[in-house]
Each structure stands twice: as C-alpha cells, then as structure tokens.
Amino acid sequence: MSLPKAELHLHIEGTLEPELAFELAARNGVELPYADTEALRKAYQFDDLQSFLNLYYELMAVLRTERDFEDLANAYLARAATQGVRHAEIFFDPQAHIARGVDMGTVVEGLWRALGDSEARHGISTQLILCFLRDESAESALRTLEAAKPYLDRIVGVGLDSAEVGHPPVKFREVYEAAAALGLRRVAHAGEEGPPEYITEALDVLGVERIDHGLRCMESPELVARLVRDRIPLTLCPLSNVRLRTVDVLGDHPLPAMLDAGLLCTVNSDDPAYFGGYAGDNFDAVRSALGLGEEQLRELARNSFVASFLDHDEERRTRYLSEVEAYEFG
Ligand SMILES: Nc1ncnc2[nH]cnc12
Ligand SMILES: [Zn+2]
C-alpha cells in the first residue's frame, strides 16, 4: 500500500534479502552454510524471537565494508519508496558488527553514504537510531556509546533490542542517562516477548519516548490507560509478531483493540527480509486480515508522522501529514 507513512521500527540488518546476502558473501569471500537463496529462505521458519536472532546474527557475517552497508541501505530505501515510506528512522546494531571486527565508523559511514542522498534518490528522509543489544552487558553498551561519539551528528537516538526476556530495561539505566545527556532521543523494545512491567520500566527508568512493539501492554489496563493519557507511541510490527509467534495468526492481532483503546499505534516492518513484508505490505496485511477501514489506516499513517522524531522540521511533518490526508485508497 502506497499510503504515505513513516517507518519507525526497522532494523537495517533485518532488510538483508537472501540475494544480497549471497552477493556480499561472494564479494567478501565469506562462506554461507546454505546451498543457495532458496535453501536460505527455507530457514526462515521461526519458533520465537531467539530462533530468528540466531539466523539474523549469523547472516551479518557478510557485512564487512562501508560499501556493504551502503548497498544494504540503498536496497532497503529503494524498496521502501515503492511502499509509500516517506520518512524512515532506521535502527542499527553496532555491537553485532564490532564483535566481528567491523568498527563503528565503517557501519555509520557506510550507512550514511546511502542515507545522505536518500531524499534526492529515493524521496525518503532518514534518521539513524543506535541500538544496544540487551543480551550484552551494560558495560558493553557504555563502550558502544563512547565509540559512537564521533558520529553523533548522524545519530538521532538510542534504542534497545535483541533477546528481551531476562534482560529488563533497568540494566541499561546508566547508558540511557548518558545518552540523554548527549541530547539523544530514547526508545526501547519492550513488551514484545517480555512482560508489561518492562514497558513501565522503559518509561520510568530509561525515559523512553516511544515503545517498540509494546504488544503486551494489553495485559495491563492501568498501563494502557497511562500510554493513552501520555500519548506514548507504540511501533507495532504485525507480520513480525506472527512470524515470531507472539500472535498465532494475523486475524488475532490486537491492533484493532489497541486502536479502540485510544493507543497511539503505528505499523512497521521490523525485519522485512525475514518476516515476509515491508511497511506497505504490513498495512495491506492488517487491512485484509483485520478488516481495518480507510479511516483507521489513515490514522495509522498519521500516527507514524506524529510519533516520528521530525520535531526539528515541523514544516516537513506538516507536508507529510497533508499527503496522508490527500491519499486516495485504491
Ligand atoms: N523483533 C526484534 N526484537 C528484538 N530484537 C530485534 N533485533 C532485530 N529484530 C528484533
Ligand atoms: Zn525490532
């Protein structure tokens, strides 16, 4: 669906399509343990978040040079442009690269080569959000923030991702305080597989402005009331929830109930190469599986710009919002 939208929950490493993975593997002399792209696609069957993360980290081995990160980001932006994405706030996982000997500069400079002229080339404005891996130590997160200091003009904020259960937000209090002191915006994955308490803790302890996923807030009426009252955006990823089995089938997704409750929901793609669809595909899927009407779809698109970190450019936000209002559904 080409309804204009902002993508607010997108891991750039999760846009690595099998074809590009094999191309980069050949370019870098990396051996992949799959015969071909078809065999690799067959491995995209997940039982939960961890089973996905295992493959996600394994395939990153092909990303080595600035050019690799540039090609990855350009491929994503080209596809996103066909799906109505007008603005993208893109997550990246530097610790997963630094651990393989690929330094922060290679990752950020490489991504920037694509992001820097994304507007001219793809018609998409972009921002970068550095994510800390929550299954790594708090010290490692602090070292990562330190390594990012030379690149802060290219990074709008910090996030928290990877294996959630057993790694509560409070573990990252110090690094979030340091990020806030540097003027960085703050978001965190919470309530994807983890309990509603992790959402509360992300708000209270980490001071996040948006919650990534946040699905499990629906188990706590008090928390829902708070999220509604404080207009805290949730970056939902419906196809991801089905592939990672937090929701059995898309028809059971709580999105309609969340909208009815007055939550500020957005629809995003998370790791589209792995979960079967980009941002517009997620909109198409919720439209057909959940019977969302045009006004609800327009509300989701409007919310994406309201929830975006475009505060420095209200003129642009207003322009995008007027594109949402002018859109004619096919
Ligand atoms: N859906 C997800 N949850 C947590 N960490 C991730 N890293 C990439 N995708 C993720
Ligand atoms: Zn995610």
# chains A, B, ... in the order shown; residues from 1 in each chain; ligands from 1
$ residues_near_ligand --ligand "ligand 2" --cutoff "10 Å" --atoms "only C-alpha atoms and all ligand atoms" --output "count of residues only"
26
$ closest_residue --among "A:Ile129, A:Val107, A:Leu244, A:Ala73" --to "ligand 1" --atoms "only C-alpha atoms and all ligand atoms"
A:Leu244
$ atom_distance --atom1 "CA of Ala81 (chain A)" --atom2 "CA of Glu13 (chain A)"
17.8 Å
$ residues_around --residues "region 175-179 of chain A" --least-positions-apart "3" --cutoff "8 Å" --atoms "only C-alpha atoms" --output "PDB file with C-alpha atoms, in the first residue's frame"
ATOM      1  CA  ALA A 138      25.717  -2.739  30.447  1.00  0.00           C
ATOM      2  CA  ALA A 141      26.580  -0.669  25.907  1.00  0.00           C
ATOM      3  CA  LEU A 142      28.574   2.143  27.550  1.00  0.00           C
ATOM      4  CA  LEU A 145      28.030   4.810  23.154  1.00  0.00           C
ATOM      5  CA  GLY A 157      18.754   8.487  19.248  1.00  0.00           C
ATOM      6  CA  VAL A 158      19.339   5.187  21.003  1.00  0.00           C
ATOM      7  CA  PHE A 172      20.676  -0.059  30.906  1.00  0.00           C
ATOM      8  CA  LEU A 182      24.299  13.844  24.923  1.00  0.00           C
ATOM      9  CA  GLY A 183      20.947  15.057  23.613  1.00  0.00           C
ATOM     10  CA  LEU A 184      19.939  11.736  22.076  1.00  0.00           C
ATOM     11  CA  ARG A 185      16.298  10.644  21.783  1.00  0.00           C
ATOM     12  CA  ARG A 186      15.404   7.398  23.533  1.00  0.00           C
ATOM     13  CA  LEU A 206      15.091   4.775  30.741  1.00  0.00           C
ATOM     14  CA  GLY A 207      12.871   7.776  29.953  1.00  0.00           C
TER      15      GLY A 207
END
$ residues_around --residues "region 114-126 of chain A" --least-positions-apart "5" --cutoff "9 Å" --atoms "only C-alpha atoms" --output "JSON, numbers by chain"
{"A": [69, 70, 71, 72, 73, 74, 77, 78, 80, 81, 85, 86, 87, 88, 89, 90]}
$ select_by_dssp --residues "region 156-298 of chain A" --states "strand (DSSP E or B)" --output "number ranges by chain"
A: 157-161, 185-190, 210-213, 233-236, 264-267, 270
$ residues_around --residues "region 218-227 of chain A" --least-positions-apart "4" --cutoff "9 Å" --atoms "only C-alpha atoms" --output "PyMOL selection string"
chain A and resi 195-197+199-200+214+231-234+254+257-258+261-264
$ select_by_dssp --residues "region 2-240 of chain A" --states "helix (DSSP H, G or I)" --output "ChimeraX atom specification"
/A:12-15,18-28,37-42,49-62,66-81,94-98,104-115,118-122,138-154,169-181,196-204,215-219,221-229,238-240
$ closest_residue --among "A:Ala326, A:Ala163, A:Ala289, A:Val242" --to "ligand 1" --atoms "only C-alpha atoms and all ligand atoms"
A:Ala163
$ atom_distance --atom1 "CA of Ala180 (chain A)" --atom2 "CA of Val267 (chain A)"
26.2 Å
$ residues_around --residues "Ser140 (chain A)" --least-positions-apart "3" --cutoff "12 Å" --atoms "only C-alpha atoms" --output "ChimeraX atom specification"
/A:94-96,98-99,131-137,143-147,171-172,174-175
$ closest_residue --among "A:Pro272, A:Gly191, A:Pro238, A:Gly166" --to "Arg216 (chain A)" --atoms "only C-alpha atoms"
A:Gly191
